[in-house]
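Undergrad: One file is attached below, input-v2.pdb, containing PDB, C-alpha atoms (C1' of nucleotides).
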```pdb
MODEL        1
ATOM      1  CA  MET A 628      29.206  26.663 -12.823
ATOM      2  CA  THR A 629      28.049  26.342  -9.291
ATOM      3  CA  SER A 630      30.295  28.466  -7.137
ATOM      4  CA  THR A 631      31.955  26.887  -4.123
ATOM      5  CA  PRO A 632      29.900  26.378  -0.989
ATOM      6  CA  GLU A 633      31.972  29.030   0.775
ATOM      7  CA  THR A 634      31.326  31.640  -1.870
ATOM      8  CA  GLN A 635      27.676  30.800  -2.073
ATOM      9  CA  LEU A 636      27.261  31.138   1.654
ATOM     10  CA  ARG A 637      29.043  34.472   1.755
ATOM     11  CA  GLU A 638      27.020  35.797  -1.126
ATOM     12  CA  ALA A 639      23.856  34.812   0.685
ATOM     13  CA  GLY A 640      25.026  36.744   3.738
ATOM     14  CA  LEU A 641      25.441  33.619   5.823
ATOM     15  CA  ARG A 642      28.420  32.752   7.952
ATOM     16  CA  VAL A 643      30.646  30.052   6.555
ATOM     17  CA  THR A 644      30.520  27.160   8.988
ATOM     18  CA  ALA A 645      31.769  23.630   8.724
ATOM     19  CA  GLY A 646      28.272  22.205   8.995
ATOM     20  CA  ARG A 647      26.901  24.252   6.144
ATOM     21  CA  VAL A 648      29.809  23.491   3.861
ATOM     22  CA  VAL A 649      29.579  19.791   4.580
ATOM     23  CA  ILE A 650      25.842  19.719   3.887
ATOM     24  CA  LEU A 651      26.214  21.604   0.635
ATOM     25  CA  GLU A 652      28.952  19.258  -0.500
ATOM     26  CA  ALA A 653      26.976  16.207   0.537
ATOM     27  CA  LEU A 654      24.080  17.417  -1.577
ATOM     28  CA  ASP A 655      26.285  17.326  -4.652
ATOM     29  CA  ARG A 656      26.839  13.644  -4.080
ATOM     30  CA  LEU A 657      23.324  12.946  -2.856
ATOM     31  CA  PRO A 658      20.863  15.073  -4.762
ATOM     32  CA  HIS A 659      17.318  14.913  -3.366
ATOM     33  CA  ALA A 660      18.546  13.640   0.000
ATOM     34  CA  ASP A 661      16.447  13.906   3.121
ATOM     35  CA  ALA A 662      17.599  15.286   6.473
ATOM     36  CA  GLU A 663      18.403  11.848   7.825
ATOM     37  CA  SER A 664      20.701  10.862   4.935
ATOM     38  CA  LEU A 665      22.435  14.210   5.087
ATOM     39  CA  PHE A 666      22.915  13.766   8.796
ATOM     40  CA  ARG A 667      24.618  10.421   8.233
ATOM     41  CA  ALA A 668      26.767  11.892   5.473
ATOM     42  CA  ALA A 669      27.713  14.855   7.646
ATOM     43  CA  GLN A 670      28.683  12.674  10.574
ATOM     44  CA  GLU A 671      31.598  11.252   8.653
ATOM     45  CA  GLN A 672      33.222  14.655   8.565
ATOM     46  CA  LEU A 673      31.656  16.151  11.674
ATOM     47  CA  PRO A 674      31.299  13.377  14.211
ATOM     48  CA  GLY A 675      29.840  15.707  16.811
ATOM     49  CA  THR A 676      26.963  17.010  14.785
ATOM     50  CA  SER A 677      23.307  16.333  15.476
ATOM     51  CA  ILE A 678      20.195  15.827  13.440
ATOM     52  CA  GLN A 679      18.826  19.076  14.833
ATOM     53  CA  SER A 680      21.832  20.951  13.559
ATOM     54  CA  VAL A 681      21.260  19.452  10.153
ATOM     55  CA  HIS A 682      17.696  20.731  10.304
ATOM     56  CA  ASN A 683      19.037  24.134  11.344
ATOM     57  CA  VAL A 684      21.386  24.219   8.403
ATOM     58  CA  LEU A 685      18.760  23.031   5.956
ATOM     59  CA  ALA A 686      16.284  25.608   7.216
ATOM     60  CA  SER A 687      18.658  28.544   6.872
ATOM     61  CA  LEU A 688      19.976  27.419   3.503
ATOM     62  CA  THR A 689      16.465  26.928   2.221
ATOM     63  CA  GLU A 690      15.381  30.306   3.520
ATOM     64  CA  SER A 691      18.342  31.975   1.826
ATOM     65  CA  GLY A 692      17.498  30.320  -1.440
ATOM     66  CA  LEU A 693      20.619  28.163  -1.586
ATOM     67  CA  LEU A 694      18.553  25.024  -1.356
ATOM     68  CA  ARG A 695      15.191  24.001  -2.615
ATOM     69  CA  ARG A 696      13.013  21.905  -0.392
ATOM     70  CA  ILE A 697      10.677  19.387  -1.946
ATOM     71  CA  GLU A 698       8.064  17.423  -0.067
ATOM     72  CA  PRO A 699       6.649  14.539  -2.050
ATOM     73  CA  ALA A 700       3.557  13.005  -0.494
ATOM     74  CA  GLY A 701       4.414  10.199   1.874
ATOM     75  CA  SER A 702       8.093  11.012   2.125
ATOM     76  CA  PRO A 703      10.168  13.181   4.429
ATOM     77  CA  ALA A 704      11.296  16.473   2.935
ATOM     78  CA  ARG A 705      14.110  16.273   0.393
ATOM     79  CA  TYR A 706      16.582  18.990  -0.440
ATOM     80  CA  GLU A 707      18.473  19.896  -3.567
ATOM     81  CA  ARG A 708      20.990  22.534  -4.574
ATOM     82  CA  ARG A 709      18.949  24.528  -6.912
ATOM     83  CA  ILE A 710      20.230  25.742 -10.195
ATOM     84  CA  GLY A 711      17.675  28.501 -10.505
ATOM     85  CA  ASP A 712      15.789  26.733 -13.241
ATOM     86  CA  ASN A 713      12.304  25.647 -12.408
ATOM     87  CA  HIS A 714      12.577  21.973 -13.087
ATOM     88  CA  HIS A 715      10.210  19.329 -11.815
ATOM     89  CA  HIS A 716      10.465  15.919 -10.207
ATOM     90  CA  ILE A 717       9.558  12.351 -10.811
ATOM     91  CA  VAL A 718       9.099  10.109  -7.814
ATOM     92  CA  CYS A 719       9.256   6.337  -7.790
ATOM     93  CA  THR A 720       6.096   5.031  -6.139
ATOM     94  CA  ASN A 721       7.947   1.887  -5.166
ATOM     95  CA  CYS A 722      11.277   2.969  -3.682
ATOM     96  CA  GLY A 723      10.927   6.717  -3.348
ATOM     97  CA  ALA A 724      13.812   7.557  -5.673
ATOM     98  CA  ILE A 725      13.565  11.010  -7.193
ATOM     99  CA  GLY A 726      14.692  12.167 -10.600
ATOM    100  CA  ASP A 727      14.847  15.607 -12.152
ATOM    101  CA  VAL A 728      12.643  16.447 -15.092
ATOM    102  CA  ASP A 729      13.523  19.415 -17.196
ATOM    103  CA  CYS A 730      10.723  21.821 -17.647
ATOM    104  CA  VAL A 731       7.917  20.309 -19.620
ATOM    105  CA  HIS A 732       7.133  21.545 -23.106
ATOM    106  CA  GLY A 733       8.993  24.815 -23.025
ATOM    107  CA  ASP A 734       7.774  25.531 -19.499
ATOM    108  CA  ALA A 735       4.924  27.883 -20.366
ATOM    109  CA  PRO A 736       1.782  25.775 -20.783
ATOM    110  CA  CYS A 737       1.647  24.288 -17.342
ATOM    111  CA  LEU A 738       1.971  27.630 -15.650
ATOM    112  CA  THR A 739      -1.403  28.682 -16.957
ATOM    113  CA  PRO A 740      -4.293  26.942 -15.274
ATOM    114  CA  SER A 741      -7.603  27.189 -17.097
ATOM    115  CA  ASN A 742      -9.652  28.590 -14.217
ATOM    116  CA  THR A 743      -8.050  29.981 -11.109
ATOM    117  CA  ASN A 744     -11.066  30.327  -8.841
ATOM    118  CA  GLY A 745     -10.020  33.857  -7.983
ATOM    119  CA  PHE A 746      -6.516  32.796  -6.986
ATOM    120  CA  THR A 747      -3.474  34.769  -8.084
ATOM    121  CA  VAL A 748      -1.138  32.073  -9.323
ATOM    122  CA  SER A 749       2.570  32.565  -8.829
ATOM    123  CA  THR A 750       4.160  29.173  -9.415
ATOM    124  CA  ALA A 751       3.327  25.736 -10.680
ATOM    125  CA  GLU A 752       4.882  22.562  -9.379
ATOM    126  CA  ILE A 753       4.641  19.310 -11.247
ATOM    127  CA  THR A 754       5.282  15.950  -9.669
ATOM    128  CA  PHE A 755       5.365  12.891 -11.868
ATOM    129  CA  TRP A 756       4.759   9.517 -10.310
ATOM    130  CA  GLY A 757       5.942   6.231 -11.711
ATOM    131  CA  LEU A 758       8.603   3.591 -11.381
ATOM    132  CA  CYS A 759      12.328   4.229 -11.562
ATOM    133  CA  ALA A 760      14.410   2.182 -13.985
ATOM    134  CA  GLU A 761      15.423  -0.273 -11.278
ATOM    135  CA  CYS A 762      11.938  -0.847  -9.942
ATOM    136  CA  SER A 763      10.466  -1.187 -13.442
ATOM    137  CA  ALA A 764      13.003  -3.921 -14.115
ATOM    138  CA  LEU A 765      12.072  -5.794 -10.971
ATOM    139  CA  ALA A 766       8.333  -5.520 -11.542
TER     140      ALA A 766
ATOM    141  CA  MET B1426     -24.641  12.897  -9.919
ATOM    142  CA  THR B1427     -22.717  11.801  -6.945
ATOM    143  CA  SER B1428     -24.567   8.838  -5.547
ATOM    144  CA  THR B1429     -25.441   8.814  -1.865
ATOM    145  CA  PRO B1430     -22.739   7.935   0.626
ATOM    146  CA  GLU B1431     -24.570   4.725   1.447
ATOM    147  CA  THR B1432     -24.671   3.574  -2.155
ATOM    148  CA  GLN B1433     -21.087   4.546  -2.778
ATOM    149  CA  LEU B1434     -19.935   2.588   0.243
ATOM    150  CA  ARG B1435     -21.870  -0.486  -0.733
ATOM    151  CA  GLU B1436     -20.593  -0.332  -4.292
ATOM    152  CA  ALA B1437     -17.064  -0.143  -2.972
ATOM    153  CA  GLY B1438     -17.696  -3.258  -0.908
ATOM    154  CA  LEU B1439     -17.420  -1.406   2.382
ATOM    155  CA  ARG B1440     -19.832  -1.682   5.255
ATOM    156  CA  VAL B1441     -22.124   1.258   5.740
ATOM    157  CA  THR B1442     -21.292   2.765   9.109
ATOM    158  CA  ALA B1443     -22.344   6.008  10.719
ATOM    159  CA  GLY B1444     -18.787   7.311  10.807
ATOM    160  CA  ARG B1445     -18.185   6.772   7.114
ATOM    161  CA  VAL B1446     -21.457   8.361   6.096
ATOM    162  CA  VAL B1447     -20.830  11.368   8.318
ATOM    163  CA  ILE B1448     -17.329  11.885   6.926
ATOM    164  CA  LEU B1449     -18.506  11.624   3.344
ATOM    165  CA  GLU B1450     -21.268  14.121   3.984
ATOM    166  CA  ALA B1451     -18.916  16.466   5.801
ATOM    167  CA  LEU B1452     -16.614  16.412   2.784
ATOM    168  CA  ASP B1453     -19.429  17.770   0.642
ATOM    169  CA  ARG B1454     -19.611  20.789   2.885
ATOM    170  CA  LEU B1455     -15.868  21.001   3.470
ATOM    171  CA  PRO B1456     -14.029  20.036   0.321
ATOM    172  CA  HIS B1457     -10.252  19.700   0.833
ATOM    173  CA  ALA B1458     -10.659  19.311   4.582
ATOM    174  CA  ASP B1459      -7.961  17.766   6.732
ATOM    175  CA  ALA B1460      -8.461  14.996   9.309
ATOM    176  CA  GLU B1461      -8.719  17.461  12.166
ATOM    177  CA  SER B1462     -11.514  19.527  10.587
ATOM    178  CA  LEU B1463     -13.388  16.402   9.632
ATOM    179  CA  PHE B1464     -13.043  15.139  13.175
ATOM    180  CA  ARG B1465     -14.595  18.335  14.510
ATOM    181  CA  ALA B1466     -17.378  18.165  11.938
ATOM    182  CA  ALA B1467     -18.022  14.508  12.738
ATOM    183  CA  GLN B1468     -18.193  15.138  16.470
ATOM    184  CA  GLU B1469     -21.368  17.149  16.054
ATOM    185  CA  GLN B1470     -23.190  14.065  14.850
ATOM    186  CA  LEU B1471     -21.088  11.411  16.551
ATOM    187  CA  PRO B1472     -20.028  12.807  19.922
ATOM    188  CA  GLY B1473     -18.202   9.613  20.829
ATOM    189  CA  THR B1474     -15.907   9.458  17.850
ATOM    190  CA  SER B1475     -12.161   9.885  17.946
ATOM    191  CA  ILE B1476      -9.515  11.328  15.701
ATOM    192  CA  GLN B1477      -8.122   7.841  15.178
ATOM    193  CA  SER B1478     -11.457   6.636  13.896
ATOM    194  CA  VAL B1479     -11.499   9.513  11.474
ATOM    195  CA  HIS B1480      -8.084   8.415  10.258
ATOM    196  CA  ASN B1481      -9.382   4.853   9.949
ATOM    197  CA  VAL B1482     -12.320   6.001   7.891
ATOM    198  CA  LEU B1483     -10.198   8.246   5.706
ATOM    199  CA  ALA B1484      -7.682   5.473   5.111
ATOM    200  CA  SER B1485     -10.258   2.910   4.047
ATOM    201  CA  LEU B1486     -12.188   5.361   1.902
ATOM    202  CA  THR B1487      -8.993   6.498   0.223
ATOM    203  CA  GLU B1488      -7.906   2.938  -0.372
ATOM    204  CA  SER B1489     -11.254   2.079  -1.926
ATOM    205  CA  GLY B1490     -11.012   5.051  -4.237
ATOM    206  CA  LEU B1491     -13.941   6.921  -2.723
ATOM    207  CA  LEU B1492     -11.679   9.706  -1.584
ATOM    208  CA  ARG B1493      -8.594  11.295  -2.967
ATOM    209  CA  ARG B1494      -5.869  12.285  -0.585
ATOM    210  CA  ILE B1495      -3.764  15.317  -1.353
ATOM    211  CA  GLU B1496      -0.696  16.353   0.591
ATOM    212  CA  PRO B1497       0.438  19.851  -0.192
ATOM    213  CA  ALA B1498       3.871  20.709   1.189
ATOM    214  CA  GLY B1499       3.696  22.177   4.654
ATOM    215  CA  SER B1500       0.112  21.166   5.300
ATOM    216  CA  PRO B1501      -1.526  18.096   6.802
ATOM    217  CA  ALA B1502      -3.158  15.757   4.309
ATOM    218  CA  ARG B1503      -6.415  16.942   2.799
ATOM    219  CA  TYR B1504      -9.184  14.784   1.427
ATOM    220  CA  GLU B1505     -11.742  15.286  -1.290
ATOM    221  CA  ARG B1506     -14.587  13.295  -2.770
ATOM    222  CA  ARG B1507     -13.205  12.602  -6.129
ATOM    223  CA  ILE B1508     -15.225  12.876  -9.248
ATOM    224  CA  GLY B1509     -12.993  10.632 -11.276
ATOM    225  CA  ASP B1510     -11.576  13.481 -13.287
ATOM    226  CA  ASN B1511      -7.920  14.192 -12.836
ATOM    227  CA  HIS B1512      -8.095  17.792 -11.762
ATOM    228  CA  HIS B1513      -5.357  19.703 -10.013
ATOM    229  CA  HIS B1514      -5.084  22.057  -7.069
ATOM    230  CA  ILE B1515      -4.118  25.553  -6.244
ATOM    231  CA  VAL B1516      -2.918  26.284  -2.732
ATOM    232  CA  CYS B1517      -2.851  29.671  -1.045
ATOM    233  CA  THR B1518       0.651  30.244   0.285
ATOM    234  CA  ASN B1519      -0.769  32.564   2.908
ATOM    235  CA  CYS B1520      -3.772  30.820   4.441
ATOM    236  CA  GLY B1521      -3.565  27.301   3.023
ATOM    237  CA  ALA B1522      -6.925  27.453   1.256
ATOM    238  CA  ILE B1523      -7.198  25.021  -1.627
ATOM    239  CA  GLY B1524      -9.082  25.419  -4.886
ATOM    240  CA  ASP B1525      -9.739  23.013  -7.703
ATOM    241  CA  VAL B1526      -8.272  23.626 -11.113
ATOM    242  CA  ASP B1527      -9.726  21.826 -14.055
ATOM    243  CA  CYS B1528      -7.230  19.972 -16.079
ATOM    244  CA  VAL B1529      -4.799  22.261 -17.738
ATOM    245  CA  HIS B1530      -4.846  22.698 -21.511
ATOM    246  CA  GLY B1531      -6.807  19.615 -22.404
ATOM    247  CA  ASP B1532      -4.872  17.530 -19.892
ATOM    248  CA  ALA B1533      -2.401  15.945 -22.285
ATOM    249  CA  PRO B1534       0.675  18.185 -22.416
ATOM    250  CA  CYS B1535       1.625  18.037 -18.767
ATOM    251  CA  LEU B1536       1.542  14.278 -18.667
ATOM    252  CA  THR B1537       4.510  14.067 -20.973
ATOM    253  CA  PRO B1538       7.784  15.028 -19.358
ATOM    254  CA  SER B1539      10.606  15.792 -21.747
ATOM    255  CA  ASN B1540      13.158  13.410 -20.268
ATOM    256  CA  THR B1541      12.188  10.717 -17.842
ATOM    257  CA  ASN B1542      15.576   9.572 -16.586
ATOM    258  CA  GLY B1543      14.584   5.985 -17.193
ATOM    259  CA  PHE B1544      11.430   6.298 -15.133
ATOM    260  CA  THR B1545       8.148   4.832 -16.303
ATOM    261  CA  VAL B1546       5.717   7.668 -15.721
ATOM    262  CA  SER B1547       2.185   6.801 -14.729
ATOM    263  CA  THR B1548       0.644  10.009 -13.413
ATOM    264  CA  ALA B1549       1.339  13.701 -13.197
ATOM    265  CA  GLU B1550       0.231  15.923 -10.389
ATOM    266  CA  ILE B1551       0.229  19.675 -10.673
ATOM    267  CA  THR B1552       0.092  21.998  -7.707
ATOM    268  CA  PHE B1553      -0.272  25.698  -8.293
ATOM    269  CA  TRP B1554       0.840  28.091  -5.592
ATOM    270  CA  GLY B1555      -0.432  31.601  -5.148
ATOM    271  CA  LEU B1556      -2.823  33.724  -3.137
ATOM    272  CA  CYS B1557      -6.520  33.066  -2.775
ATOM    273  CA  ALA B1558      -8.951  35.872  -3.550
ATOM    274  CA  GLU B1559      -9.245  36.854   0.095
ATOM    275  CA  CYS B1560      -5.516  36.934   0.773
ATOM    276  CA  SER B1561      -4.794  38.819  -2.463
ATOM    277  CA  ALA B1562      -7.261  41.478  -1.326
ATOM    278  CA  LEU B1563      -5.577  41.818   2.053
ATOM    279  CA  ALA B1564      -2.070  41.984   0.645
TER     280      ALA B1564
ATOM    281  C1'  DG C 512      46.369  38.504  15.868
ATOM    282  C1'  DC C 513      42.877  39.314  19.681
ATOM    283  C1'  DC C 514      38.165  40.694  21.356
ATOM    284  C1'  DC C 515      33.606  41.147  21.297
ATOM    285  C1'  DT C 516      29.241  40.837  19.340
ATOM    286  C1'  DT C 517      26.048  37.955  17.528
ATOM    287  C1'  DA C 518      24.878  34.214  14.482
ATOM    288  C1'  DT C 519      25.023  29.369  14.779
ATOM    289  C1'  DC C 520      25.457  24.789  16.971
ATOM    290  C1'  DG C 521      24.397  21.250  20.218
ATOM    291  C1'  DT C 522      21.593  19.321  23.793
ATOM    292  C1'  DG C 523      17.206  18.368  25.425
ATOM    293  C1'  DA C 524      12.430  18.440  25.420
ATOM    294  C1'  DA C 525       8.049  19.066  22.855
ATOM    295  C1'  DT C 526       4.931  19.020  19.023
ATOM    296  C1'  DG C 527       1.825  17.524  15.169
ATOM    297  C1'  DA C 528       0.125  14.155  12.339
ATOM    298  C1'  DC C 529      -0.269   9.982  11.941
ATOM    299  C1'  DT C 530       0.284   4.621  12.649
ATOM    300  C1'  DC C 531       0.064   0.304  15.321
ATOM    301  C1'  DA C 532      -2.239  -3.036  18.598
ATOM    302  C1'  DA C 533      -5.765  -5.192  20.869
ATOM    303  C1'  DA C 534     -10.095  -5.401  23.058
ATOM    304  C1'  DA C 535     -15.149  -3.956  22.459
ATOM    305  C1'  DC C 536     -18.619  -3.506  19.161
ATOM    306  C1'  DA C 537     -21.833  -3.649  15.237
ATOM    307  C1'  DA C 538     -23.042  -4.636   9.995
ATOM    308  C1'  DG C 539     -25.292  -7.721   7.429
ATOM    309  C1'  DG C 540     -25.176 -12.603   5.250
ATOM    310  C1'  DG C 541     -27.067 -17.077   6.625
TER     311       DG C 541
ATOM    312  C1'  DC D1448     -31.759 -13.715  15.394
ATOM    313  C1'  DC D1449     -27.102 -15.206  15.516
ATOM    314  C1'  DC D1450     -22.513 -15.430  14.189
ATOM    315  C1'  DT D1451     -18.688 -14.012  11.616
ATOM    316  C1'  DT D1452     -15.815 -10.569  10.369
ATOM    317  C1'  DG D1453     -14.976  -5.902   9.388
ATOM    318  C1'  DT D1454     -14.978  -1.422  12.277
ATOM    319  C1'  DT D1455     -14.443   1.465  16.015
ATOM    320  C1'  DT D1456     -12.475   2.644  20.282
ATOM    321  C1'  DT D1457      -8.873   3.295  23.575
ATOM    322  C1'  DG D1458      -4.292   3.757  24.356
ATOM    323  C1'  DA D1459       0.334   3.779  23.334
ATOM    324  C1'  DG D1460       4.055   4.550  20.024
ATOM    325  C1'  DT D1461       6.485   6.516  15.911
ATOM    326  C1'  DC D1462       8.539   9.739  12.768
ATOM    327  C1'  DA D1463       9.977  14.099  11.111
ATOM    328  C1'  DT D1464      10.318  18.296  12.595
ATOM    329  C1'  DT D1465      10.270  22.421  15.662
ATOM    330  C1'  DC D1466      11.141  25.060  19.975
ATOM    331  C1'  DA D1467      14.148  26.696  23.820
ATOM    332  C1'  DC D1468      18.438  27.893  25.432
ATOM    333  C1'  DG D1469      23.102  27.640  27.080
ATOM    334  C1'  DA D1470      27.622  26.791  24.762
ATOM    335  C1'  DT D1471      30.410  27.849  20.898
ATOM    336  C1'  DA D1472      32.603  29.981  17.080
ATOM    337  C1'  DA D1473      32.574  33.414  12.818
ATOM    338  C1'  DG D1474      34.377  37.477  11.403
ATOM    339  C1'  DG D1475      34.290  42.750  11.679
ATOM    340  C1'  DG D1476      36.813  46.178  14.391
ATOM    341  C1'  DC D1477      40.708  47.404  16.936
TER     342       DC D1477
ENDMDL
END
```
Show this structure as structure tokens.
TA:
Amino acid sequence: MTSTPETQLREAGLRVTAGRVVILEALDRLPHADAESLFRAAQEQLPGTSIQSVHNVLASLTESGLLRRIEPAGSPARYERRIGDNHHHIVCTNCGAIGDVDCVHGDAPCLTPSNTNGFTVSTAEITFWGLCAECSALA
Amino acid sequence: MTSTPETQLREAGLRVTAGRVVILEALDRLPHADAESLFRAAQEQLPGTSIQSVHNVLASLTESGLLRRIEPAGSPARYERRIGDNHHHIVCTNCGAIGDVDCVHGDAPCLTPSNTNGFTVSTAEITFWGLCAECSALA
DNA sequence: GCCCTTATCGTGAATGACTCAAAACAAGGG
DNA sequence: CCCTTGTTTTGAGTCATTCACGATAAGGGC
């Protein structure tokens, strides 16, 4: 039950602005979208907006924890409305499409590296690479 | 037994050039270095070199499989002389230092996502985030 | 409902990390 | 030793993102 964009923003202590609401709504339709796609989506409802404003919005929403930012190698940053769970991602090496992967094997094993080299580990992030259904079909 | 840079280059079918040898040697001293650091290291032995040349070298070495390129979120690409094993990395969220992590739990479990959304998975990449020994001490 | 403070947006310029292009150069087979 | 072809150099260009700052609007207080 994701609460409405307005409620979410208020709960995060952020002002409710048209830009933020539009971006949050666009991310429901376009999960894992990058700034550019969100900009194009936002323009339909906010013709006067700019790519910088989209970056502003994404930065504040990410900082407040309303969005999760993912940065697959070789691709611009993508954003998703996070559901609090720590799921992972699978990226198509051909077209860049991204899919969600529910936490692997009951989520515990991968959070425990064998040797940490003195590091204090706080999170683990898994990225799977492969071909999406469409690209596998074409191959 | 890492073979010498010269041998490695020849085996990969690449010409042996001063720049390539210098970069490979620098990566022994600076594992997980980025292009900029390697450029500075290379300048000591090749005063006339340029950052673009370093990128050239890194690109061809990566393509030939002599180097592995890693791109942690929020950091420029790092390079390492790969040993063929599929190890993972741990990145310090404070200073950006990177450590190697031997494959987790006998390497199999993390390569098998629970649901693949129709994707054909070929590789899995795990990035651990935390604080390096130095930064944990300072915190 | 209106004002005022202050967060946010929009415009513009700037940055970092890298890629592209073409001329100068050098590795190494013949 | 020469010639071919892969590399390096020099220089410009790109992309995604950030910085700076005046204009604008959200929303608490009156």
Undergrad: To one decimal in Å, tell me the separation between CA of Leu651 (chain A) and CA of Gly723 (chain A).
TA: 21.7 Å
Undergrad: Would you mind listing, for every residue of region 662-696 of chain A within 10 Å of region 1451-1474 of chain D, the two atoms forming the shortest contact and the distance between them in Å to one decimal, using only C-alpha atoms (C1' of nucleotides), sorted by chain and ascending residue number, as CSV?
TA:
```
residue,atom,partner,partner_atom,distance
A:Ala662,CA,D:DA1463,C1',9.0
A:Glu663,CA,D:DA1463,C1',9.3
A:Gln679,CA,D:DT1464,C1',8.8
A:His682,CA,D:DT1464,C1',8.1
A:Asn683,CA,D:DT1465,C1',9.9
```
Undergrad: Which residues match the PyMOL selection byres ((chain B) within 9 of (chain C)) in the file above, as a PyMOL selection string?
TA: chain B and resi 1440-1442+1477+1480+1501-1502
Undergrad: Tell me the residues of chain B close to chain A, meaning within 7 Å using all atoms listed in the file, as a PyMOL selection string.
TA: chain B and resi 1496+1498+1524+1526-1527+1529-1530+1535+1538-1558
Undergrad: Keeping only C-alpha atoms, take the residues you just selected and write them out as a JSON list (two decimals), keeping the file's coordinate frame.
TA:
```json
[["chain", "number", "residue", "atom", "x", "y", "z"],
["B", 1496, "GLU", "CA", -0.70, 16.35, 0.59],
["B", 1498, "ALA", "CA", 3.87, 20.71, 1.19],
["B", 1524, "GLY", "CA", -9.08, 25.42, -4.89],
["B", 1526, "VAL", "CA", -8.27, 23.63, -11.11],
["B", 1527, "ASP", "CA", -9.73, 21.83, -14.06],
["B", 1529, "VAL", "CA", -4.80, 22.26, -17.74],
["B", 1530, "HIS", "CA", -4.85, 22.70, -21.51],
["B", 1535, "CYS", "CA", 1.62, 18.04, -18.77],
["B", 1538, "PRO", "CA", 7.78, 15.03, -19.36],
["B", 1539, "SER", "CA", 10.61, 15.79, -21.75],
["B", 1540, "ASN", "CA", 13.16, 13.41, -20.27],
["B", 1541, "THR", "CA", 12.19, 10.72, -17.84],
["B", 1542, "ASN", "CA", 15.58, 9.57, -16.59],
["B", 1543, "GLY", "CA", 14.58, 5.98, -17.19],
["B", 1544, "PHE", "CA", 11.43, 6.30, -15.13],
["B", 1545, "THR", "CA", 8.15, 4.83, -16.30],
["B", 1546, "VAL", "CA", 5.72, 7.67, -15.72],
["B", 1547, "SER", "CA", 2.18, 6.80, -14.73],
["B", 1548, "THR", "CA", 0.64, 10.01, -13.41],
["B", 1549, "ALA", "CA", 1.34, 13.70, -13.20],
["B", 1550, "GLU", "CA", 0.23, 15.92, -10.39],
["B", 1551, "ILE", "CA", 0.23, 19.68, -10.67],
["B", 1552, "THR", "CA", 0.09, 22.00, -7.71],
["B", 1553, "PHE", "CA", -0.27, 25.70, -8.29],
["B", 1554, "TRP", "CA", 0.84, 28.09, -5.59],
["B", 1555, "GLY", "CA", -0.43, 31.60, -5.15],
["B", 1556, "LEU", "CA", -2.82, 33.72, -3.14],
["B", 1557, "CYS", "CA", -6.52, 33.07, -2.78],
["B", 1558, "ALA", "CA", -8.95, 35.87, -3.55]]
```
Undergrad: Hey, can I get the axis-aligned box for region 521-532 of chain C? All listed atoms, 3 Å padding on each side, centre and edge lengths in Å to one decimal, as AutoDock Vina command-line options.
TA:
```
--center_x 11.1 --center_y 9.1 --center_z 18.7 --size_x 32.6 --size_y 30.3 --size_z 19.5
```
Undergrad: Figure out the distance between CA of Glu707 (chain A) and CA of Arg1503 (chain B), please, to one decimal in Å.
TA: 25.9 Å
Undergrad: Could you give me, as a list in words, the residues within 10 Å of Ile1508 (chain B), counting all atoms listed in the file and dropping anything in the same chain fewer than 2 positions from it?
TA: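 Non-adjacent residues within range: Met1426, Thr1427, Leu1491, Leu1492, Arg1493, Glu1505, Arg1506, Asp1510, Asn1511 and His1512 of chain B.
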Undergrad: Which is closest to chain D among B:Cys1520, B:Val1447, B:Val1479, B:Ala1562, if we use all atoms listed in the file?
TA: B:Val1479
Undergrad: What is the CA of Ala668 (chain A)-CA of Ala653 (chain A) distance in Å, reported with one decimal?
TA: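 Here the two named atoms are 6.6 Å from each other.
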Undergrad: Quick one: apply the PyMOL selection byres ((chain B and resi 1431) around 10) to the file and drop the selected residues here as an NGL selection string.
TA: :B and (1428-1430 or 1432-1437 or 1439-1443 or 1445-1446 or 1449)
Undergrad: When distances are computed from all atoms listed in the file, which of A:Ile650, A:Leu657, A:Leu685, A:Ala669 shows the smallest separation from chain D?
TA: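 The shortest atom-to-atom distance to chain D comes from A:Leu685.
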Undergrad: Using only C-alpha atoms (C1' of nucleotides), pick whichever of B:Gln1470, B:Gly1490, B:Asp1459, B:Gly1438 has the shortest atom-to-atom distance to chain D.
TA: B:Gly1438
